Amino acid sequence: MVKKISEVAFRDTPEQAARFEKVIAENKHDKSRLMAVMQEAQDIYGYLPSEIQIRIAEGMDVPAEKVYGVATFYAQFALSPKGKYAISVCLGTACYVKGSQQVLDKICETLGIEPGSCTADAKFSLDACRCVGACGLAPVMMINDEVYGRLSPDDVEGILAKYE
Amino acid sequence: MADVNIKINGRDFAVPAGSTILDACRLCGIRIPTLCFMREINEIGACRICMVEVKGARSLVAACVFPVNEGMEIFTNTPKVIESRKTTLKLILSTHNKTCLQCVRSGSCELQKLCQEYGIENEDEFAGAVPNTHVDDTAVHMIRDNSKCVLCRRCVAVCDKNQGCAVIGPNNRGFDTEIGCNFNLDLASVACISCGQCINVCPTGALHERDDTQKVFDAINDPEKIVLVQTAPSVRVGLGEEFGNPIGTIVTGKMVSAIRALGVDKVFDTNFAADLTIMEEATEFIRRYTQKDNLPMFTSCSPGWIKFIEYYHPDMLPHLSSCKSPQGMFGATAKTYYAQKIGVDPKNIYVVSVMPCSAKKFEAQRPEMSAAEGCPDIDVVLTVRELARMIRKAGIMFNELPDGEFDAPFGLGSGAGTIFGATGGVMEAALRTAYEVLTGEELKELEFTDVRGTQGIKEATYNIAGNEIKVAVCSGTANADKLVRMIKSGEKNYDFVEIMACPGGCVNGGGQPIQPAYVRNNVDIRAVRAAALYRDDENLPVRKSHENPDIKAVYAEFFGEPGGEKSEEILHTHYTPRTRYTVK
């Protein structure tokens, strides 16, 4: 799946910036630490904003395209922030055969975003995930820590409305 | 290194230990096909075309990266090997945009050639989903069409390792993998220096120069326009290859005749402008050296290098010579001095540059490159490949043409101008002139051999009129980056530094004829083409820029003196600091 770059404007707090600069300072002399730095940056910001990828590139003296190439290669790197409400729809085998793709499609349609991205107001983010361990309830999705099971596409709007 | 004994297809051979199977087989007269392999910079075993059978091995192995060892038995053309290569080709074709008839690389495409060699009888055997790709035509100099990309990463390797830019690389993963720029920006929005080295190594039509040939045909057919063509020093050593001549064939006379046969009004020699550049640059250097003004002074002939320093080391811009490149000096002189001389409005003069370079296309559209009010110095830039395309389209039988002569008054170029095409040439040309200006004596030994050759960074110190002048010559912007960083840190200090963006200089420019990987991996085309230019220099009657009678005339009639007010205004330029990264 091609990752979509966030349209949410990047903002950071002085604390985040200070933590990030420390990570760069500790690793800048060893380019092989690039992935570790990217992981730590993601821990700090929750995702890898373009601005931060550029600062990693400059700080580590590696081209930004390399940072972006790594960020788009590994599934664990996110280019979009998590929303206030993070939705994950399970596309594991059991959920998939029970129609979770249709549920996911319905959410995409309702929110106007693609999996791996976040609404412009940073309220909802959407991800497809693999098994959440609730196959008996298939198809399943989670919103933050709340689990919703035995879903049909028709349930989507009602559930999302609870978070408005 | 000691030899090891191996068997290839049942025959015994001794080959150097440590060789790859690919190199060992080549030594024994067997060519193994490759697609992704580029010696030293892209030895990644990714494309799986070079697979061979090794006795005892669990599966086929990639010959380009697998080393030979004592007693190894290799089979290069068993049914299993052939079947594997065919399957790989058919899988590549399954996502390839097979519009071969309209493809600029039809006939020179390495994928097409492999398909012919292996007799691919059904190109759609694995037809199915194709990745989403788009054509990036935002850059002035080139087009990127990922629908023809085979993901060999040769372009990525040259951009990173030779040029130190790494503006393109593999993004995404698996089926979605695509070569692109950071944040999926287009090429015009990233710090691409337009050098075109990626085009030269692309095996297919995924990367190609922007074709400007129609503009030139239109200008030729416009009765209002006086079409002047200038040909850069290393075009004469590249063009012949497009018509089947061996690498390193000088075709100056046929080139002039062919361009004339296209119907242009005048054919001039950029070597003249290279001499003009030396007059200005040597004068500038002597002044800056005496005043210790921003030393080292960097040469400014290579537009790829200019873009590189603007993006990557903008703080060093004051070190650049203010001289326009020879192409720029020619255009500026044509639209001022020549327009005046022949009594024509410069707007009706159409200057076509034939260049071994794609970055010259970018340079030509810089707003500051305009000496005559409202006119660009250069109207259009053609690469050597585009000129060859025009010659073929016009039905001109290149190899049968008689040798023509350049037109006056910009038809004479010195040997110093000719060697601009090879790394070290500008330095040598400048030294030939600077020596005589500074000492007032005749230079007996014209060859400055320390600055010749294809090494990435060369250094020398010359004692001229009691001054120890420290020079460096560098080609390939990855080397330039290294050198500039050493200068910044104080580790190195020089007075005068020549830098060419392309490894080996213009002879290996991004607009030169494309040689396939199996040639590039085995022949140093930079050295062969450069050697031809140095031979050309030796055979020319005038070998120093300041002795060129056309140069003397243009100063006497128009510019006055090198570095004078008029030449400062027309022949010199300024630069723009640029930001390397843009946020998306």
# chains A, B, ... in the order shown; residues from 1 in each chain; ligands from 1

$ residues_around --residues "range 74-76 of chain A" --least-positions-apart "5" --cutoff "10 Å" --atoms "only C-alpha atoms" --output "PyMOL selection string"
(chain A and resi 1+3+39+42+47+69+116) or (chain B and resi 172-173)

$ interface_residues --of "chain B" --to "chain A" --cutoff "9 Å" --atoms "only C-alpha atoms" --output "PyMOL selection string"
chain B and resi 160+164-177+180-184+581-584

$ atom_distance --atom1 "CA of Ile247 in chain B" --atom2 "CA of Gly509 in chain B"
14.1 Å

$ atom_distance --atom1 "CA of Met500 in chain B" --atom2 "CA of Gly476 in chain B"
6.4 Å

$ atom_distance --atom1 "CA of Ile419 in chain B" --atom2 "CA of Val352 in chain B"
21.5 Å

$ residues_around --residues "Ser234 in chain B" --least-positions-apart "2" --cutoff "7 Å" --atoms "only C-alpha atoms" --output "list of chain:residue names"
B:Ala232, B:Arg236, B:Val237, B:Gly238, B:Pro356, B:Gly421, B:Cys506, B:Val507

$ decode --residues "range 9-20 of chain A" --atoms "all heavy atoms" --output "mmCIF file, in the first residue's frame"
data_model
loop_
_atom_site.group_PDB
_atom_site.id
_atom_site.type_symbol
_atom_site.label_atom_id
_atom_site.label_comp_id
_atom_site.auth_asym_id
_atom_site.auth_seq_id
_atom_site.Cartn_x
_atom_site.Cartn_y
_atom_site.Cartn_z
ATOM 1 N N ALA A 9 -1.148 20.057 9.339
ATOM 2 C CA ALA A 9 0.013 20.938 9.515
ATOM 3 C C ALA A 9 0.867 20.445 10.678
ATOM 4 O O ALA A 9 0.350 20.021 11.705
ATOM 5 C CB ALA A 9 -0.458 22.368 9.777
ATOM 6 N N PHE A 10 2.197 20.509 10.482
ATOM 7 C CA PHE A 10 3.108 20.019 11.511
ATOM 8 C C PHE A 10 3.259 21.064 12.620
ATOM 9 O O PHE A 10 3.493 22.236 12.370
ATOM 10 C CB PHE A 10 4.472 19.728 10.874
ATOM 11 C CG PHE A 10 5.566 19.505 11.875
ATOM 12 C CD1 PHE A 10 5.536 18.399 12.705
ATOM 13 C CD2 PHE A 10 6.615 20.405 11.995
ATOM 14 C CE1 PHE A 10 6.549 18.197 13.642
ATOM 15 C CE2 PHE A 10 7.628 20.201 12.913
ATOM 16 C CZ PHE A 10 7.586 19.093 13.740
ATOM 17 N N ARG A 11 3.110 20.606 13.850
ATOM 18 C CA ARG A 11 3.364 21.469 15.005
ATOM 19 C C ARG A 11 4.141 20.656 16.012
ATOM 20 O O ARG A 11 3.865 19.479 16.196
ATOM 21 C CB ARG A 11 2.049 21.906 15.650
ATOM 22 C CG ARG A 11 1.353 23.078 14.962
ATOM 23 C CD ARG A 11 0.152 23.540 15.787
ATOM 24 N NE ARG A 11 -0.808 22.469 15.982
ATOM 25 C CZ ARG A 11 -1.818 22.206 15.141
ATOM 26 N NH1 ARG A 11 -1.993 22.966 14.081
ATOM 27 N NH2 ARG A 11 -2.657 21.219 15.374
ATOM 28 N N ASP A 12 5.124 21.259 16.639
ATOM 29 C CA ASP A 12 5.758 20.521 17.723
ATOM 30 C C ASP A 12 5.921 21.404 18.955
ATOM 31 O O ASP A 12 5.899 22.625 18.870
ATOM 32 C CB ASP A 12 7.085 19.882 17.305
ATOM 33 C CG ASP A 12 8.149 20.889 16.935
ATOM 34 O OD1 ASP A 12 7.821 22.092 16.814
ATOM 35 O OD2 ASP A 12 9.308 20.477 16.751
ATOM 36 N N THR A 13 6.023 20.743 20.085
ATOM 37 C CA THR A 13 6.200 21.484 21.335
ATOM 38 C C THR A 13 7.702 21.639 21.578
ATOM 39 O O THR A 13 8.506 20.871 21.037
ATOM 40 C CB THR A 13 5.611 20.694 22.510
ATOM 41 O OG1 THR A 13 6.353 19.466 22.628
ATOM 42 C CG2 THR A 13 4.142 20.386 22.299
ATOM 43 N N PRO A 14 8.085 22.603 22.383
ATOM 44 C CA PRO A 14 9.516 22.762 22.707
ATOM 45 C C PRO A 14 10.099 21.489 23.315
ATOM 46 O O PRO A 14 11.256 21.153 23.049
ATOM 47 C CB PRO A 14 9.526 23.913 23.726
ATOM 48 C CG PRO A 14 8.269 24.663 23.488
ATOM 49 C CD PRO A 14 7.261 23.668 23.005
ATOM 50 N N GLU A 15 9.287 20.756 24.080
ATOM 51 C CA GLU A 15 9.785 19.515 24.696
ATOM 52 C C GLU A 15 10.110 18.490 23.608
ATOM 53 O O GLU A 15 11.154 17.839 23.639
ATOM 54 C CB GLU A 15 8.746 18.918 25.659
ATOM 55 C CG GLU A 15 8.477 19.734 26.911
ATOM 56 C CD GLU A 15 7.643 20.989 26.645
ATOM 57 O OE1 GLU A 15 6.764 20.958 25.747
ATOM 58 O OE2 GLU A 15 7.892 22.023 27.303
ATOM 59 N N GLN A 16 9.177 18.363 22.647
ATOM 60 C CA GLN A 16 9.420 17.414 21.547
ATOM 61 C C GLN A 16 10.677 17.802 20.785
ATOM 62 O O GLN A 16 11.527 16.967 20.491
ATOM 63 C CB GLN A 16 8.219 17.399 20.589
ATOM 64 C CG GLN A 16 7.014 16.645 21.126
ATOM 65 C CD GLN A 16 5.830 16.753 20.178
ATOM 66 O OE1 GLN A 16 5.562 17.814 19.623
ATOM 67 N NE2 GLN A 16 5.138 15.640 19.986
ATOM 68 N N ALA A 17 10.781 19.100 20.467
ATOM 69 C CA ALA A 17 11.930 19.571 19.695
ATOM 70 C C ALA A 17 13.231 19.275 20.444
ATOM 71 O O ALA A 17 14.208 18.812 19.852
ATOM 72 C CB ALA A 17 11.792 21.061 19.408
ATOM 73 N N ALA A 18 13.222 19.499 21.743
ATOM 74 C CA ALA A 18 14.441 19.274 22.528
ATOM 75 C C ALA A 18 14.807 17.792 22.542
ATOM 76 O O ALA A 18 15.979 17.425 22.369
ATOM 77 C CB ALA A 18 14.236 19.795 23.949
ATOM 78 N N ARG A 19 13.795 16.932 22.724
ATOM 79 C CA ARG A 19 14.064 15.483 22.717
ATOM 80 C C ARG A 19 14.624 15.058 21.364
ATOM 81 O O ARG A 19 15.578 14.287 21.269
ATOM 82 C CB ARG A 19 12.768 14.697 22.979
ATOM 83 C CG ARG A 19 12.430 14.533 24.447
ATOM 84 C CD ARG A 19 11.106 13.802 24.598
ATOM 85 N NE ARG A 19 11.183 12.392 24.223
ATOM 86 C CZ ARG A 19 10.110 11.625 23.974
ATOM 87 N NH1 ARG A 19 8.887 12.133 24.048
ATOM 88 N NH2 ARG A 19 10.261 10.358 23.661
ATOM 89 N N PHE A 20 14.010 15.607 20.306
ATOM 90 C CA PHE A 20 14.431 15.230 18.951
ATOM 91 C C PHE A 20 15.871 15.673 18.688
ATOM 92 O O PHE A 20 16.698 14.898 18.190
ATOM 93 C CB PHE A 20 13.475 15.854 17.927
ATOM 94 C CG PHE A 20 13.917 15.666 16.509
ATOM 95 C CD1 PHE A 20 13.779 14.431 15.886
ATOM 96 C CD2 PHE A 20 14.484 16.706 15.788
ATOM 97 C CE1 PHE A 20 14.210 14.245 14.580
ATOM 98 C CE2 PHE A 20 14.915 16.521 14.487
ATOM 99 C CZ PHE A 20 14.774 15.286 13.882
#
